[in-house]
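Engineer: This is work06.txt, which holds compact mmCIF, C-alpha atoms:
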```
# COMPACT_ATOMS: atom_id res chain seq x y z
CA MET A 10 20.19 93.47 137.47
CA GLU A 11 16.89 94.98 136.33
CA ASN A 12 16.22 98.43 134.95
CA LYS A 13 14.44 100.66 137.43
CA SER A 14 11.97 103.45 136.85
CA LEU A 15 11.21 106.35 139.16
CA GLY A 16 8.24 104.35 140.44
CA MET A 17 10.38 101.36 141.34
CA ILE A 18 12.77 103.57 143.29
CA ILE A 19 9.82 105.05 145.18
CA ARG A 20 8.60 101.52 145.95
CA GLU A 21 12.02 100.48 147.24
CA GLU A 22 12.28 103.56 149.46
CA ARG A 23 8.72 103.03 150.73
CA LYS A 24 9.51 99.45 151.74
CA LYS A 25 12.75 100.54 153.42
CA LYS A 26 10.72 103.00 155.49
CA GLY A 27 8.22 100.27 156.42
CA LEU A 28 5.27 102.09 154.86
CA THR A 29 2.29 100.58 153.07
CA GLN A 30 0.99 102.12 149.86
CA ALA A 31 -2.00 103.42 151.83
CA GLN A 32 0.26 105.09 154.41
CA LEU A 33 2.39 106.68 151.71
CA GLY A 34 -0.73 107.87 149.91
CA LYS A 35 -1.97 109.55 153.08
CA LEU A 36 1.44 111.15 153.56
CA ILE A 37 1.48 112.72 150.10
CA GLY A 38 -2.25 113.26 149.58
CA LEU A 39 -2.90 110.55 146.99
CA LYS A 40 -5.15 107.50 146.92
CA GLU A 41 -3.56 104.09 147.45
CA SER A 42 -4.54 103.12 143.90
CA ARG A 43 -2.63 106.12 142.52
CA VAL A 44 0.46 105.22 144.54
CA SER A 45 0.25 101.70 143.13
CA LYS A 46 0.07 103.04 139.58
CA ILE A 47 3.12 105.25 140.16
CA GLU A 48 5.10 102.36 141.56
CA HIS A 49 4.18 100.23 138.56
CA GLY A 50 5.33 102.72 135.95
CA ALA A 51 2.77 105.53 135.63
CA PRO A 52 4.77 108.51 134.26
CA ILE A 53 5.92 111.12 136.75
CA THR A 54 8.61 113.81 136.56
CA PRO A 55 11.80 113.78 138.66
CA GLU A 56 10.37 116.74 140.62
CA VAL A 57 7.31 114.72 141.65
CA ALA A 58 9.50 111.74 142.54
CA SER A 59 11.74 113.99 144.64
CA PHE A 60 8.67 115.36 146.45
CA ILE A 61 7.42 111.86 147.26
CA LEU A 62 10.86 110.71 148.39
CA GLY A 63 11.23 113.83 150.51
CA LYS A 64 7.93 113.14 152.23
CA MET A 65 9.30 109.73 153.20
CA GLY A 66 12.38 111.37 154.70
CA SER A 67 14.73 110.26 151.92
CA ALA A 68 17.75 112.46 151.19
CA LEU A 69 17.57 111.57 147.50
CA GLN A 70 16.48 114.46 145.30
CA ILE A 71 16.29 113.56 141.62
CA ASN A 72 17.27 116.07 138.95
CA VAL A 73 18.41 114.10 135.93
CA VAL A 74 17.90 116.58 133.10
CA ASP A 75 17.34 120.26 132.38
CA ASN A 76 13.88 121.13 133.68
CA ASN A 77 13.12 123.05 130.48
CA SER A 78 13.67 120.04 128.25
CA TYR A 79 12.67 117.03 130.32
CA ASP A 80 12.73 113.79 128.35
CA PRO A 81 10.88 111.01 130.23
CA GLU A 82 12.80 108.29 128.39
CA LEU A 83 16.16 109.83 129.31
CA GLY A 84 14.93 110.39 132.85
CA ASP A 85 13.98 106.74 133.31
CA PHE A 86 17.29 105.62 131.81
CA VAL A 87 19.40 107.81 134.11
CA VAL A 88 17.39 106.83 137.19
CA SER A 89 17.83 103.18 136.25
CA VAL A 90 21.61 103.67 135.98
CA ILE A 91 21.72 105.41 139.37
CA ALA A 92 19.80 102.55 140.99
CA ASN A 93 21.94 99.87 139.36
CA PHE A 94 25.11 101.78 140.30
CA ALA A 95 23.93 101.90 143.93
CA ASP A 96 23.17 98.17 143.89
CA GLU A 97 26.51 97.18 142.40
CA LYS A 98 28.59 99.49 144.59
CA LYS A 99 26.51 98.66 147.67
CA ILE A 100 25.80 102.29 148.52
CA SER A 101 22.58 104.26 149.00
CA LEU A 102 20.67 105.84 146.14
CA SER A 103 21.50 109.26 147.54
CA GLN A 104 25.22 108.48 147.64
CA ALA A 105 25.13 107.07 144.11
CA TYR A 106 23.28 110.10 142.74
CA THR A 107 25.62 112.59 144.46
CA TYR A 108 28.73 110.73 143.31
CA ILE A 109 27.59 110.44 139.68
CA VAL A 110 26.60 114.11 139.47
CA THR A 111 29.71 115.41 141.26
CA PHE A 112 32.18 113.51 139.09
CA LYS A 113 30.61 114.14 135.66
CA GLY A 114 28.89 110.77 135.28
CA MET A 115 25.55 112.49 134.68
CA ASP A 116 26.98 114.62 131.87
CA PHE A 117 28.41 111.47 130.30
CA LEU A 118 25.05 109.69 130.39
CA ARG A 119 23.26 112.65 128.80
CA GLN A 120 25.80 112.91 125.99
CA HIS A 121 26.16 109.20 125.24
CA GLN A 122 22.76 107.79 126.12
CA ASP A 123 22.14 106.28 122.68
CA ILE A 124 25.30 104.17 122.86
CA GLU A 125 24.99 103.31 126.55
CA LYS A 126 21.41 102.06 126.10
CA THR A 127 22.75 99.28 123.87
CA LEU A 128 24.98 97.93 126.68
CA SER A 129 24.26 95.70 129.64
CA ASN A 130 23.60 97.26 133.04
CA HIS A 131 26.98 96.04 134.29
CA GLU A 132 28.79 97.60 131.32
CA ILE A 133 26.98 100.91 131.84
CA VAL A 134 27.95 100.96 135.53
CA ASN A 135 31.56 100.25 134.54
CA ASP A 136 31.52 103.12 132.03
CA VAL A 137 30.10 105.53 134.60
CA SER A 138 32.64 104.34 137.19
CA ARG A 139 35.48 104.97 134.75
CA VAL A 140 34.24 108.46 133.85
CA CYS A 141 33.81 109.39 137.52
CA ALA A 142 37.27 108.04 138.39
CA ASN A 143 38.80 110.05 135.54
CA ASN A 144 37.20 113.17 137.01
CA GLY A 145 38.52 112.64 140.53
CA GLY A 146 36.02 110.17 141.97
CA ARG A 147 37.51 107.77 144.49
CA LEU A 148 34.50 105.67 145.45
CA GLY A 149 35.38 102.93 147.92
CA TYR A 150 38.66 104.44 149.07
CA SER A 151 39.30 105.46 152.67
CA ALA A 152 40.39 109.00 153.51
CA MET A 153 44.03 107.88 153.84
CA GLU A 154 43.85 106.01 150.52
CA ARG A 155 42.44 109.11 148.80
CA ILE A 156 45.34 111.19 150.17
CA ARG A 157 47.83 108.58 148.97
CA LEU A 158 46.26 108.55 145.49
CA MET A 159 46.32 112.35 145.33
CA ILE A 160 50.03 112.36 146.23
CA THR A 161 50.71 109.65 143.64
CA ASP A 162 48.85 111.61 140.97
CA LYS A 163 50.84 114.73 141.81
CA LEU A 164 54.14 112.86 141.57
CA GLU A 165 53.15 111.39 138.19
CA ILE A 166 52.32 114.87 136.89
CA GLU A 167 55.69 116.18 138.09
CA LYS A 168 57.46 113.33 136.28
CA LEU A 169 55.52 114.13 133.12
CA LEU A 170 56.45 117.81 133.34
CA VAL A 171 60.13 116.87 133.66
CA ARG A 172 59.86 114.77 130.49
CA LEU A 173 58.14 117.63 128.68
CA THR A 174 60.89 120.00 129.80
CA ASP A 175 63.51 117.71 128.28
CA VAL A 176 61.59 117.62 124.99
CA ILE A 177 61.22 121.40 124.85
CA ALA A 178 64.91 121.95 125.61
CA LYS A 179 65.95 119.54 122.87
CA GLU A 180 63.45 120.50 120.16
CA LEU A 181 63.70 124.28 120.62
CA HIS A 182 67.37 124.38 121.61
CA LEU A 183 66.68 126.01 124.95
CA SER A 184 68.73 125.92 128.12
CA THR A 185 67.34 123.74 130.90
CA LEU A 186 66.44 126.84 132.90
CA ALA A 187 64.61 128.44 129.97
CA ALA A 188 62.78 125.18 129.23
CA VAL A 189 61.67 124.82 132.86
CA GLY A 190 60.32 128.38 132.81
CA ALA A 191 58.50 127.83 129.52
CA VAL A 192 56.86 124.63 130.72
CA CYS A 193 55.85 126.01 134.12
CA MET A 194 54.15 129.02 132.51
CA SER A 195 52.41 126.99 129.82
CA LYS A 196 48.71 126.24 129.44
CA VAL A 197 49.59 122.58 128.98
CA ALA A 198 51.15 122.43 132.46
CA ASN A 199 48.15 124.20 133.98
CA SER A 200 45.81 121.75 132.25
CA LEU A 201 47.78 118.80 133.60
CA LYS A 202 47.75 120.12 137.15
CA SER A 203 44.02 120.85 137.06
CA GLY A 204 43.15 117.51 135.43
CA ASN A 205 41.70 119.08 132.30
CA ILE A 206 43.52 116.90 129.78
CA PRO A 207 41.08 114.88 127.63
CA GLU A 208 41.11 111.12 128.13
CA GLY A 209 43.30 109.34 125.59
CA THR A 210 45.75 112.24 125.15
CA SER A 211 49.22 110.82 124.46
CA PHE A 212 52.62 112.16 125.50
CA ASP A 213 53.30 113.01 121.85
CA ASP A 214 50.08 115.05 121.74
CA LEU A 215 51.14 116.98 124.83
CA SER A 216 54.63 117.54 123.42
CA LYS A 217 53.28 118.91 120.13
CA ARG A 218 50.84 121.21 121.94
CA LEU A 219 53.59 122.47 124.21
CA ILE A 220 56.08 123.05 121.40
CA LYS A 221 53.44 124.97 119.44
CA GLU A 222 52.50 127.05 122.47
CA VAL A 223 56.10 127.93 123.40
CA THR A 224 56.99 128.71 119.79
CA MET A 225 54.01 131.06 119.39
CA ALA A 226 54.79 132.74 122.72
CA GLY A 227 58.38 133.28 121.66
```
Can you present the structure in this file as structure tokens?

Structural biologist:
Amino acid sequence: MENKSLGMIIREERKKKGLTQAQLGKLIGLKESRVSKIEHGAPITPEVASFILGKMGSALQINVVDNNSYDPELGDFVVSVIANFADEKKISLSQAYTYIVTFKGMDFLRQHQDIEKTLSNHEIVNDVSRVCANNGGRLGYSAMERIRLMITDKLEIEKLLVRLTDVIAKELHLSTLAAVGAVCMSKVANSLKSGNIPEGTSFDDLSKRLIKEVTMAG
């Protein structure tokens, strides 16, 4: 799977629309030779790429970095990941972009670009998929499957809260009723229910945080 620049994405969209470079040039007010240069890697910003794609009727609007600090190298890397993600998941570029942005994949790529650039395209797509899934993304699941997964997640959280209640009752010598109240009102419980627990957090970590929180509140 090859890396793809903004120009290559424009070329792919142009071919999907059945346009020649001359026709696209006329559509956006550029010479055919200029369109060719763009498609073969001449530097352009995401805003220009979005304008060209929009003129072709594409829903894809590219905004990969903060406009005030645009880094062309980062921009090309992120666009390449989006295109490879779309290829591997067999979805459109627009769907891939929306999914990655919505479920924090874009933030991950910005923060960890140096490490991710050392990996293969397949490994990068897997990393982005994992991050998006951890933030609620359910790509490839039907509506009924998403509902089932949401119910399963909720049940798992409830089981975890019961375990935490047992720990609090034992460690702080509280009655079951008092422990239930303490857990339900805790920030730890709210974080669990809202999915704001960092990846890799263990049960012991949660227990210690909860014990500390309840002790300080008492």

Engineer: Counting only C-alpha atoms, what is within 12 Å of Glu21 (chain A), bar same-chain residues fewer than 2 positions away, as a PyMOL selection string?

Structural biologist: chain A and resi 13-19+23-30+48-49+62+65+67+92+96+101-102

Engineer: Point out the residue among A:Gly84, A:Gly63, A:Gly145, A:Pro52 with the least atom-to-atom distance to Ile37 (chain A), counting all atoms listed in the file.

Structural biologist: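 Among the listed residues, the smallest separation from Ile37 (chain A) belongs to A:Gly63.
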
Engineer: Tell me which protein, DNA and RNA residues are within 12 Å of Ala191 (chain A), counting all atoms listed in the file, leaving out same-chain ones fewer than 2 positions away, and put them as an MDAnalysis selection string.

Structural biologist: chainID A and resid 170:171 173:178 181 183:189 193:199 219:227

Engineer: How about saving the chosen residues, C-alpha atoms kept, as a CSV table (one decimal), in the coordinates of the input?

Structural biologist:
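Final file, part13.csv:
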```
chain,number,residue,atom,x,y,z
A,170,LEU,CA,56.4,117.8,133.3
A,171,VAL,CA,60.1,116.9,133.7
A,173,LEU,CA,58.1,117.6,128.7
A,174,THR,CA,60.9,120.0,129.8
A,175,ASP,CA,63.5,117.7,128.3
A,176,VAL,CA,61.6,117.6,125.0
A,177,ILE,CA,61.2,121.4,124.8
A,178,ALA,CA,64.9,122.0,125.6
A,181,LEU,CA,63.7,124.3,120.6
A,183,LEU,CA,66.7,126.0,125.0
A,184,SER,CA,68.7,125.9,128.1
A,185,THR,CA,67.3,123.7,130.9
A,186,LEU,CA,66.4,126.8,132.9
A,187,ALA,CA,64.6,128.4,130.0
A,188,ALA,CA,62.8,125.2,129.2
A,189,VAL,CA,61.7,124.8,132.9
A,193,CYS,CA,55.8,126.0,134.1
A,194,MET,CA,54.2,129.0,132.5
A,195,SER,CA,52.4,127.0,129.8
A,196,LYS,CA,48.7,126.2,129.4
A,197,VAL,CA,49.6,122.6,129.0
A,198,ALA,CA,51.2,122.4,132.5
A,199,ASN,CA,48.2,124.2,134.0
A,219,LEU,CA,53.6,122.5,124.2
A,220,ILE,CA,56.1,123.0,121.4
A,221,LYS,CA,53.4,125.0,119.4
A,222,GLU,CA,52.5,127.0,122.5
A,223,VAL,CA,56.1,127.9,123.4
A,224,THR,CA,57.0,128.7,119.8
A,225,MET,CA,54.0,131.1,119.4
A,226,ALA,CA,54.8,132.7,122.7
A,227,GLY,CA,58.4,133.3,121.7
```

Engineer: Hey, can you check how far CA of Ala51 (chain A) sits from CA of Glu22 (chain A)?

Structural biologist: 16.9 Å

Engineer: I'd like the interatomic distance between CA of Ile166 (chain A) and CA of Arg147 (chain A), to a tenth of an Å.

Structural biologist: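 Between CA of Ile166 (chain A) and CA of Arg147 (chain A) the gap works out to 18.1 Å.
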
Engineer: Take CA of Cys141 (chain A) and CA of Asp116 (chain A) and report the distance between them in Å, one decimal.

Structural biologist: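 Between these atoms lies a distance of 10.3 Å.
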
Engineer: For Gly38 (chain A), which residue out of A:Thr210, A:Phe60, A:Asn135, A:Tyr106 is the nearest one, using all atoms listed in the file?

Structural biologist: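 Ranked by minimum distance to Gly38 (chain A), first place goes to A:Phe60.
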
Engineer: If you count only C-alpha atoms, which residues fall within 10 Å of Ala142 (chain A), apart from same-chain ones fewer than 4 positions away, as a PyMOL selection string?

Structural biologist: chain A and resi 112-114+136-138+146-148

Engineer: Can you list, as a list of chain:residue names, every protein, DNA or RNA residue that comes within 10 Å of Phe94 (chain A) when you count all atoms listed in the file, leaving out same-chain residues fewer than 3 positions away?

Structural biologist: A:Val88, A:Ser89, A:Val90, A:Ile91, A:Glu97, A:Lys98, A:Lys99, A:Ile100, A:Ser101, A:Leu102, A:Gln104, A:Ala105, A:Tyr106, A:Ile109, A:Asn130, A:His131, A:Ile133, A:Val134, A:Asn135, A:Val137, A:Ser138

Engineer: Hey, which of A:Val110, A:Lys46, A:Leu33, A:Val87 ends up closest to Ile61 (chain A)? Count all atoms listed in the file.

Structural biologist: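 Using all atoms listed in the file, the shortest distance to Ile61 (chain A) belongs to A:Leu33.
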
Engineer: Just checking: using all atoms listed in the file, which residue out of A:Lys168, A:Ile124, A:Arg43, A:Asp214 ends up closest to Lys202 (chain A)?

Structural biologist: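 The shortest atom-to-atom distance to Lys202 (chain A) comes from A:Lys168.
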